[in-house]
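Working notes, structure below.
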Amino acid sequence: MSLPSLTKKINNASPGSTANQTIFGVLLAISLVHLFNDSMQSVIPAIFPILKETMNLSYTQIGWIAFAINFTASIMQPVVGLFSDKRPTPALLPIGMGFTFTGMLLLAYASSYSAVLLAVVFVGLGSATFHPEGSKVSHMAAGNRRGLAQSIFQVGGNAGQSLAPLLTSLIFVPYGQFGAIGFTGVAAAGIIVQIFIARWYGRTIRSESFAKKHRNVGKIRPELKNRIAFAMIILISLVFVRSWYSSSIASYYSFNLIEGFGLSVGDAQIYIFLFLAAGALGTFFGGTLADRFGKRNLIFVSMAGSAPLALILPYANLFWSGVLLAVIGFVLISSFSVTVVYAQMLIPGKIGTVSGLITGLAFGLGGLGALVVGNWIDKIGISPVMQLCSFLPLLGVITFLLPSDRKLSEWTEGASEA
């Protein structure tokens, strides 16, 4: 679908979804921008081998770059979400992409380590602004298919992440760090699409159907607050485990392949692409399966199914490393969008805040994990650290401490009646 035809679909979309209507034009548009945003964000860890060589960086310094971009997104996403829930501001969508544009421009010309850190902070700010607002747009356009809508939104982001290793091979390996200048064009295209989405967003929040739906959102009953808080802690713990493991693969496993099998930077990135591309595919199917079999069940299968494969990965040969990375990516990342929808069910009516909290924590905790992993690698080497990280998905067994989907529905119904 071309950019003009997509923007035309957004202009023709009705202002807000009814109880049963899913607005696919808006979902496809916000998913496309998610692809733009996350592909630019993900080229940062993808070019770590290049930055390490050209700037003579240690693994700990690499970890600080990952921490800077992820922690910026982590801190600001819940703030943006909370602000937007209280005062919806459609203009935040193109503004956020403007931050990303600035970050990629700075990265192209960064000649020092501190300049790289500043550039990635701008990219982090752009991501922090986009994600809670993008998730809210997805929710508004979902109708009664929230799992599918969140998956369409998230699959764009995961597809963008999966493209980063290929973009590194095609752009950054031959052109070096200056190749980032090409992504300013991607950011500019994202700004254009975001302007059209923001107009639909504005029409929707002014519509009578949206106002009625917003008034009918129930409040959390006081007797449930402790139980909801406990469930949220468990959910955040699962996000931490998944993000830490995913970050260790995306940020450092290419070094393990280069050191262990003698691959070039470009060839090593192909294996990271397999992990991330399979994750994008898993995200799409994850939302659909969760709508049918239950969100808590999907989260558990995602963690438990990937755990034994993660334990085998550090000891696999090159061929089976590719196979395992693809399967682990598909299974583990399939629960990403489902986690967001589950959190929205836990705390109804705070779509932006909850989405910003979950996705923000995914970035922030992933960045913290990357920093710790980088420090460990400097001390004991890449291979032992990858073996340690392989145990992380085992902690997914705590999923059964979460309330079932049926219990969540009972809580929601009780809140609506209160």
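Letters A, B, ... mark the chains of the structure tokens in the order given; residue numbers begin at 1 per chain; ligand numbers begin at 1, in order shown.
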Extract, using only C-alpha atoms, all DNA, RNA and protein residues at most 10 Å from Ala128 (chain A), discarding same-chain residues fewer than 3 positions from it, and format them as a list in words. Ile69, Asn70, Phe71, Thr72, Ala73, Ser74, Ile75, Met76, Gln77, Pro78, Val79, Val80, Gly81, Gly96, Phe99, Phe122, Val123, Gly124, Leu125, His131, Pro132, Glu133, Gly356, Thr359, Gly360 and Phe363 of chain A
Would you mind listing what lies within 9 Å of region 331-335 of chain A as a ChimeraX atom specification, with only C-alpha atoms counted and same-chain residues fewer than 4 positions away left out? /A:158,242,246,276,278-287,290,295,298-307,326-327,339-340,393
Measuring between only C-alpha atoms, which one of A:Ser127, A:Gln387, A:Gln150, A:Ser42 shows the shortest distance to Gly98 (chain A)?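 Of A:Ser127, A:Gln387, A:Gln150, A:Ser42, the one nearest Gly98 (chain A), counting only C-alpha atoms, is A:Ser127.
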Neighbouring residues of His34 (chain A) were defined as those with any atom within 12 Å, considering only C-alpha atoms; residues of the same chain fewer than 4 positions away were excluded. Please report them as a count of residues only. 44
Could you give me, as a list in words, the residues within 10 Å of Val385 (chain A), counting only C-alpha atoms and dropping anything in the same chain fewer than 4 positions from it?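 My list of contacting residues is Ser248, Tyr252, Asn256, Pro314, Val373, Gly374, Asn375, Trp376, Ile377, Asp378, Lys379, Ile380, Gly381, Cys389 and Ser390 of chain A.
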Identify, with DSSP run on backbone atoms, the residues in region 82-161 of chain A assigned to alpha helix (DSSP H), and express the list as a VMD selection string. chain A and resid 82 to 86 92 to 109 113 to 140 146 to 161
Could you jot down the CA of Ala91 (chain A) to CA of Ser207 (chain A) separation for me, Å, one decimal place?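 CA of Ala91 (chain A) sits 17.5 Å away from CA of Ser207 (chain A).
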Atomic distance CA of Leu238 (chain A) - CA of Gly396 (chain A), expressed in Å with one decimal: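 Here the two named atoms are 6.4 Å from each other.
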Just how far from CA of Pro49 (chain A) is CA of Ile258 (chain A), in Å to one decimal? 9.8 Å
So, with only C-alpha atoms as the atoms that count, which of A:Val265, A:Met345, A:Ile249, A:Leu167 lies closest to Lys52 (chain A)? A:Val265
Identify which of the residues A:Phe101, A:Phe261, A:Phe230, A:Tyr245 lies closest to Gly185 (chain A), counting only C-alpha atoms when measuring atom-to-atom distances. A:Phe101
Out of A:Val43, A:Val116, A:Leu274, A:Ile236, which residue has the shortest atom-to-atom distance to Ala164 (chain A) when counting only C-alpha atoms?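 Of A:Val43, A:Val116, A:Leu274, A:Ile236, the one nearest Ala164 (chain A), counting only C-alpha atoms, is A:Val43.
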Which residues are near Phe273 (chain A)? Cut-off 7 Å, only C-alpha atoms, ignore same chain within fewer than 6 positions. Put them as a PyMOL selection string. chain A and resi 162-163+165-166
